[in-house]
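One file, my_file.tsv, is given below (TSV, C-alpha atoms and all ligand atoms).
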```tsv
chain	number	residue	atom	x	y	z
Z	1	MET	CA	96.12	6.12	-81.50
Z	2	LYS	CA	95.30	3.40	-78.97
Z	3	ARG	CA	98.03	2.18	-76.67
Z	4	ILE	CA	98.35	-1.60	-76.43
Z	5	VAL	CA	100.35	-3.65	-73.95
Z	6	VAL	CA	100.83	-7.30	-74.94
Z	7	LEU	CA	101.54	-10.02	-72.37
Z	8	ILE	CA	103.24	-13.18	-73.60
Z	9	SER	CA	104.99	-16.26	-72.21
Z	10	GLY	CA	106.74	-17.81	-75.19
Z	11	ARG	CA	107.11	-17.83	-78.96
Z	12	GLY	CA	104.99	-14.74	-79.56
Z	13	SER	CA	103.51	-15.62	-82.95
Z	14	ASN	CA	100.23	-13.92	-82.02
Z	15	LEU	CA	102.23	-10.84	-81.06
Z	16	LEU	CA	103.81	-10.85	-84.53
Z	17	ALA	CA	100.41	-11.18	-86.18
Z	18	LEU	CA	99.11	-8.24	-84.15
Z	19	HIS	CA	102.13	-6.13	-84.95
Z	20	LYS	CA	101.90	-6.91	-88.65
Z	21	ARG	CA	98.26	-5.89	-88.78
Z	22	LEU	CA	98.39	-2.83	-86.55
Z	23	CYS	CA	101.85	-1.40	-86.57
Z	24	GLU	CA	103.69	-2.06	-89.81
Z	25	PRO	CA	104.31	1.17	-91.69
Z	26	GLY	CA	102.50	1.68	-94.96
Z	27	LYS	CA	99.80	-0.96	-94.34
Z	28	ASP	CA	97.33	1.43	-92.82
Z	29	GLN	CA	97.64	5.14	-93.40
Z	30	ASN	CA	95.69	5.94	-90.26
Z	31	ARG	CA	97.35	3.71	-87.74
Z	32	LEU	CA	94.86	2.64	-85.16
Z	33	ALA	CA	97.16	1.45	-82.46
Z	34	SER	CA	100.66	1.09	-81.23
Z	35	ILE	CA	102.13	-1.80	-79.25
Z	36	ILE	CA	103.82	0.28	-76.61
Z	37	ALA	CA	105.19	-2.59	-74.53
Z	38	VAL	CA	105.55	-6.35	-74.43
Z	39	ILE	CA	105.78	-7.98	-71.02
Z	40	SER	CA	106.58	-11.61	-70.30
Z	41	ASN	CA	106.54	-13.73	-67.16
Z	42	LYS	CA	109.37	-15.71	-68.77
Z	43	PRO	CA	112.57	-13.76	-69.38
Z	44	GLU	CA	113.64	-16.29	-72.02
Z	45	ALA	CA	110.46	-15.89	-74.11
Z	46	GLN	CA	111.30	-15.76	-77.82
Z	47	GLY	CA	108.66	-13.10	-78.37
Z	48	LEU	CA	110.49	-10.70	-76.05
Z	49	ALA	CA	113.68	-10.95	-78.10
Z	50	TRP	CA	111.67	-10.36	-81.28
Z	51	ALA	CA	109.95	-7.30	-79.77
Z	52	GLN	CA	113.35	-5.84	-78.95
Z	53	THR	CA	114.40	-6.16	-82.59
Z	54	GLN	CA	111.37	-4.02	-83.45
Z	55	GLY	CA	112.31	-1.35	-80.95
Z	56	ILE	CA	109.32	-2.14	-78.72
Z	57	VAL	CA	109.82	-1.60	-75.00
Z	58	THR	CA	110.01	-4.94	-73.20
Z	59	ARG	CA	109.84	-6.03	-69.59
Z	60	ALA	CA	110.40	-9.45	-68.03
Z	61	LEU	CA	108.78	-10.23	-64.68
Z	62	ASP	CA	109.76	-13.73	-63.74
Z	63	HIS	CA	106.82	-15.08	-61.72
Z	64	ARG	CA	109.17	-17.54	-59.95
Z	65	GLN	CA	110.84	-14.59	-58.23
Z	66	TYR	CA	107.66	-13.60	-56.35
Z	67	PRO	CA	106.57	-15.13	-53.03
Z	68	SER	CA	102.94	-15.54	-54.11
Z	69	ARG	CA	100.56	-15.22	-57.03
Z	70	GLU	CA	99.18	-12.00	-55.50
Z	71	HIS	CA	102.63	-10.42	-55.28
Z	72	PHE	CA	103.31	-11.27	-58.91
Z	73	ASP	CA	99.91	-9.98	-60.03
Z	74	GLN	CA	100.44	-6.72	-58.17
Z	75	ALA	CA	103.88	-6.16	-59.65
Z	76	LEU	CA	102.59	-6.98	-63.11
Z	77	ALA	CA	99.57	-4.71	-62.74
Z	78	SER	CA	101.66	-1.74	-61.71
Z	79	GLU	CA	104.13	-2.40	-64.54
Z	80	VAL	CA	101.25	-2.53	-67.04
Z	81	ASP	CA	99.59	0.56	-65.54
Z	82	ASP	CA	102.78	2.58	-65.98
Z	83	PHE	CA	102.25	2.35	-69.74
Z	84	GLY	CA	98.70	3.75	-69.50
Z	85	PRO	CA	97.25	1.20	-71.91
Z	86	ASP	CA	93.86	1.44	-73.63
Z	87	LEU	CA	94.01	-2.32	-74.14
Z	88	VAL	CA	95.93	-5.22	-72.61
Z	89	VAL	CA	96.16	-8.31	-74.81
Z	90	LEU	CA	96.99	-11.74	-73.38
Z	91	ALA	CA	98.60	-13.34	-76.42
Z	92	GLY	CA	99.88	-16.71	-75.28
Z	93	PHE	CA	100.27	-15.52	-71.68
Z	94	MET	CA	100.31	-18.75	-69.69
Z	95	ARG	CA	99.63	-17.48	-66.15
Z	96	VAL	CA	96.25	-17.26	-64.51
Z	97	LEU	CA	95.61	-13.68	-63.37
Z	98	GLY	CA	93.76	-13.10	-60.11
Z	99	ALA	CA	90.71	-10.96	-59.37
Z	100	GLY	CA	92.75	-7.88	-58.44
Z	101	PHE	CA	94.47	-7.75	-61.81
Z	102	VAL	CA	91.34	-8.58	-63.78
Z	103	GLN	CA	89.24	-5.92	-62.03
Z	104	ARG	CA	91.88	-3.26	-62.52
Z	105	PHE	CA	91.82	-3.74	-66.31
Z	106	GLU	CA	88.18	-4.74	-66.73
Z	107	GLY	CA	86.84	-3.91	-70.17
Z	108	ARG	CA	90.31	-3.47	-71.62
Z	109	LEU	CA	91.71	-6.97	-71.08
Z	110	ILE	CA	91.30	-9.61	-73.78
Z	111	ASN	CA	92.65	-13.13	-74.23
Z	112	ILE	CA	93.12	-15.55	-77.11
Z	113	HIS	CA	92.45	-19.17	-76.22
Z	114	PRO	CA	93.03	-22.17	-78.48
Z	115	SER	CA	89.63	-23.87	-78.21
Z	116	LEU	CA	85.97	-23.15	-78.81
Z	117	LEU	CA	85.14	-21.95	-75.31
Z	118	PRO	CA	83.41	-22.90	-73.10
Z	119	ALA	CA	84.81	-26.25	-74.32
Z	120	PHE	CA	88.33	-27.05	-73.12
Z	121	PRO	CA	89.35	-24.15	-70.89
Z	122	GLY	CA	92.89	-24.45	-69.46
Z	123	LEU	CA	95.82	-26.32	-70.95
Z	124	ASN	CA	96.39	-29.03	-73.58
Z	125	THR	CA	93.31	-28.05	-75.53
Z	126	HIS	CA	94.26	-29.78	-78.80
Z	127	GLN	CA	95.00	-33.09	-77.14
Z	128	ARG	CA	91.75	-32.89	-75.17
Z	129	ALA	CA	89.76	-32.03	-78.29
Z	130	LEU	CA	91.21	-35.07	-80.08
Z	131	GLU	CA	90.54	-37.32	-77.11
Z	132	ALA	CA	86.96	-36.09	-76.92
Z	133	GLY	CA	86.50	-36.87	-80.60
Z	134	VAL	CA	85.00	-33.49	-81.49
Z	135	CYS	CA	84.62	-32.76	-85.19
Z	136	LEU	CA	84.99	-29.00	-84.74
Z	137	HIS	CA	87.71	-27.26	-82.78
Z	138	GLY	CA	89.05	-23.71	-83.00
Z	139	ALA	CA	90.02	-20.51	-81.21
Z	140	THR	CA	88.23	-17.93	-79.08
Z	141	VAL	CA	88.92	-14.28	-78.30
Z	142	HIS	CA	87.19	-13.07	-75.16
Z	143	PHE	CA	87.18	-10.33	-72.56
Z	144	VAL	CA	88.81	-11.61	-69.40
Z	145	ASN	CA	86.92	-12.00	-66.16
Z	146	GLU	CA	87.73	-13.87	-62.97
Z	147	ALA	CA	86.76	-17.31	-64.29
Z	148	LEU	CA	89.51	-19.33	-65.96
Z	149	ASP	CA	89.19	-18.69	-69.71
Z	150	GLY	CA	85.78	-17.22	-68.91
Z	151	GLY	CA	84.44	-13.80	-69.75
Z	152	PRO	CA	82.27	-12.62	-72.61
Z	153	ILE	CA	83.19	-14.25	-75.90
Z	154	ILE	CA	83.88	-11.74	-78.66
Z	155	ALA	CA	84.58	-14.05	-81.59
Z	156	GLN	CA	85.44	-17.63	-82.47
Z	157	ALA	CA	87.04	-19.30	-85.48
Z	158	PHE	CA	86.09	-22.90	-86.24
Z	159	VAL	CA	88.57	-25.49	-87.46
Z	160	PRO	CA	87.31	-28.88	-88.69
Z	161	VAL	CA	89.13	-31.82	-87.10
Z	162	GLN	CA	90.41	-34.29	-89.68
Z	163	ARG	CA	90.67	-38.04	-89.11
Z	164	THR	CA	94.40	-37.87	-89.72
Z	165	ASP	CA	94.98	-35.01	-87.26
Z	166	ASN	CA	97.39	-35.24	-84.39
Z	167	GLU	CA	98.06	-32.61	-81.74
Z	168	VAL	CA	100.69	-30.90	-83.87
Z	169	SER	CA	98.69	-30.67	-87.10
Z	170	LEU	CA	95.59	-29.49	-85.27
Z	171	ALA	CA	97.51	-26.90	-83.25
Z	172	GLU	CA	99.04	-25.55	-86.47
Z	173	ARG	CA	95.68	-24.99	-88.15
Z	174	VAL	CA	94.15	-23.46	-85.02
Z	175	LEU	CA	97.14	-21.15	-84.66
Z	176	SER	CA	96.77	-19.79	-88.16
Z	177	GLU	CA	93.15	-18.94	-87.33
Z	178	GLU	CA	94.30	-17.24	-84.12
Z	179	HIS	CA	96.56	-15.07	-86.26
Z	180	ARG	CA	93.56	-13.89	-88.29
Z	181	LEU	CA	91.04	-13.56	-85.47
Z	182	LEU	CA	93.01	-11.74	-82.78
Z	183	PRO	CA	94.24	-8.84	-84.95
Z	184	GLN	CA	90.73	-8.26	-86.31
Z	185	VAL	CA	89.20	-8.19	-82.83
Z	186	VAL	CA	91.91	-5.84	-81.59
Z	187	ALA	CA	91.44	-3.54	-84.60
Z	188	ASP	CA	87.67	-3.49	-83.99
Z	189	PHE	CA	88.20	-2.75	-80.30
Z	190	CYS	CA	90.54	0.11	-81.20
Z	191	ARG	CA	87.90	1.55	-83.54
Z	192	GLY	CA	85.39	1.48	-80.68
Z	193	LEU	CA	83.27	-1.21	-82.34
Z	194	ILE	CA	83.58	-3.69	-79.47
Z	195	SER	CA	83.31	-2.98	-75.76
Z	196	LEU	CA	81.98	-4.20	-72.44
Z	197	ASP	CA	78.94	-2.44	-71.06
Z	198	PRO	CA	78.78	-1.37	-67.38
Z	199	LEU	CA	77.12	-4.69	-66.50
Z	200	GLY	CA	80.00	-6.62	-68.05
Z	201	LYS	CA	78.08	-7.67	-71.18
Z	202	LEU	CA	79.57	-7.63	-74.65
Z	203	GLU	CA	78.62	-4.82	-76.97
Z	204	CYS	CA	79.50	-5.57	-80.56
Z	205	SER	CA	78.44	-3.17	-83.31
Z	206	PRO	CA	76.91	-4.51	-86.56
Z	207	GLU	CA	80.05	-3.28	-88.32
Z	208	ALA	CA	82.26	-5.44	-86.05
Z	209	THR	CA	80.00	-8.43	-86.63
Z	210	ARG	CA	80.25	-7.90	-90.40
Z	211	LEU	CA	84.05	-7.74	-90.21
Z	212	LEU	CA	84.42	-10.74	-87.91
Z	213	PHE	CA	81.92	-13.09	-89.53
Z	214	PRO	CA	84.11	-14.09	-92.51
Z	215	LEU	CA	86.86	-15.13	-90.07
Z	216	THR	CA	84.70	-17.52	-88.08
Z	217	SER	CA	84.81	-20.33	-90.59
Z	218	GLY	CA	88.44	-21.41	-90.44
Z	219	ALA	CA	90.39	-23.38	-93.02
Z	220	ALA	CA	89.69	-27.14	-93.26
Z	301	LIG	C1	98.55	-19.94	-78.69
Z	301	LIG	O1	97.92	-21.07	-79.19
Z	301	LIG	C2	97.71	-19.28	-77.64
Z	301	LIG	O2	96.36	-19.28	-77.93
Z	301	LIG	C3	98.00	-20.23	-76.49
Z	301	LIG	O3	99.38	-20.46	-76.57
Z	301	LIG	C4	99.80	-20.32	-77.90
Z	301	LIG	C5	100.83	-19.23	-77.89
Z	301	LIG	O4	101.36	-19.00	-79.14
Z	301	LIG	N1	97.49	-19.77	-75.24
Z	301	LIG	P1	102.28	-17.74	-79.44
Z	301	LIG	O5	103.19	-17.53	-78.25
Z	301	LIG	O6	101.39	-16.57	-79.73
Z	301	LIG	O7	103.06	-18.18	-80.65
```
Could I get this file's structure written as structure tokens?
Ligand code: GRF
Amino acid sequence: MKRIVVLISGRGSNLLALHKRLCEPGKDQNRLASIIAVISNKPEAQGLAWAQTQGIVTRALDHRQYPSREHFDQALASEVDDFGPDLVVLAGFMRVLGAGFVQRFEGRLINIHPSLLPAFPGLNTHQRALEAGVCLHGATVHFVNEALDGGPIIAQAFVPVQRTDNEVSLAERVLSEEHRLLPQVVADFCRGLISLDPLGKLECSPEATRLLFPLTSGAA
């Protein structure tokens, strides 16, 4: 069974979706993975409290308590390493991680981002998509590299933008696609169907492509 550490900063709805898919008893006789720890840079994150109710080990590392980004990254990396994870999932983790952290977990670090990358990296993606007048928006799961919201894209889910959309309505529809896409990618990774090759290129088996394809066309 693969060992997953999930990093969050807030609500944790992607964490819940992952847990539901991978860890709830009875759903899958041969459980693929276990969420062995949830770590947040915000001690008050709702997702941390929820994880505790599930008996998942939690840690809070408040980034404001560290003198620099590097100090925080180092502390976080050693905390994560202590759990010996096969995969680290950034599920609504709102801190940029530096090269040291990224290199340490290369090939086992993935992120969910609420836009169709490479469009709209960074924050406020829904607002920016509306301002740009795009007709398609969505979510991306990718391996993490040193570029902000960069790294090989594993899968994307498209969400049509409606004329009546505002930031809230668009965010809601994108989020429900995130909840479908991320657990599928993580399950495929845990089955060994998705990986990074030694040159840092995505390797995705035909089986993973077959499983992910139906999720790419999100709800209108
Ligand atoms: C998600 O849209 C995630 O992609 C973004 O922040 C949001 C976090 O949601 N980076 P949650 O904490 O998983 O509910």
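Here atom CA of Ile153 of chain Z is placed at a distance of 14.2 Å from atom CA of Asp188 of chain Z.
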Exercise for review: State, in Å with one decimal place, the distance from atom CA of Asp86 of chain Z to atom CA of Lys20 of chain Z.
Suggested key: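 Answer for the atom CA of Asp86 of chain Z to atom CA of Lys20 of chain Z separation: 19.0 Å.
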Point to revise | Pick from Z:Leu117, Z:Val57, Z:Val102, Z:Leu48 nearest to Gln74 of chain Z, counting all atoms listed in the file | key: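 The shortest atom-to-atom distance to Gln74 of chain Z comes from Z:Val102.
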Review point. Hey, which residues come within 10 Å of ligand LIG 301 (chain Z) if we count only C-alpha atoms and all ligand atoms? Could you give them as a ChimeraX atom specification?
Key: /Z:7-18,45-47,90-95,111-115,122-126,138-141,171-172,174-179,182
Practice item. Return the single residue from Z:Phe143, Z:Phe213, Z:Phe72, Z:Phe120 that is closest to Phe105 of chain Z, with distances computed using all atoms listed in the file. Key: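 The closest residue to Phe105 of chain Z is Z:Phe143.
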Exercise for review: Could you tell me which of Z:Pro43, Z:Gly150, Z:Pro85, Z:Gly100 comes closest to Lys2 of chain Z if we count all atoms listed in the file?
Suggested key: Z:Pro85
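Candidate residues Z:Arg31, Z:Arg210, Z:Arg64, Z:Lys201 were compared for distance to Val185 of chain Z, and the nearest is Z:Arg210, using only C-alpha atoms.
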Check your understanding: So how many Å separate atom CA of Phe83 of chain Z and atom CA of Arg108 of chain Z, to one decimal?
Key ->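 Separation of atom CA of Phe83 of chain Z and atom CA of Arg108 of chain Z: 13.4 Å.
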Review point. With all atoms listed in the file as the basis for distance, which of Z:Ala49, Z:Cys135, Z:Ile110, Z:Val5 is at the shortest distance from Val80 of chain Z?
Key: Z:Val5
Check your understanding: Any idea what's packed within 9 Å of Arg69 of chain Z, counting all atoms listed in the file, ignoring anything in its chain fewer than 3 positions away? Could you give it as a ChimeraX atom specification?
Key -> /Z:63,66,72-74,96-98
Please produce an output containing C-alpha atoms for each residue in the selection, written as a JSON list (two decimals), keeping the file's coordinate frame.
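Full text of out.json as output:
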```json
[["chain", "number", "residue", "atom", "x", "y", "z"],
["Z", 63, "HIS", "CA", 106.82, -15.08, -61.72],
["Z", 66, "TYR", "CA", 107.66, -13.60, -56.35],
["Z", 72, "PHE", "CA", 103.31, -11.27, -58.91],
["Z", 73, "ASP", "CA", 99.91, -9.98, -60.03],
["Z", 74, "GLN", "CA", 100.44, -6.72, -58.17],
["Z", 96, "VAL", "CA", 96.25, -17.26, -64.51],
["Z", 97, "LEU", "CA", 95.61, -13.68, -63.37],
["Z", 98, "GLY", "CA", 93.76, -13.10, -60.11]]
```
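Distance annotation: of Z:Ala77, Z:Ala208, Z:Val38, Z:Ala132, the residue with the minimal separation from Cys190 of chain Z is Z:Ala208; atom set is all atoms listed in the file.
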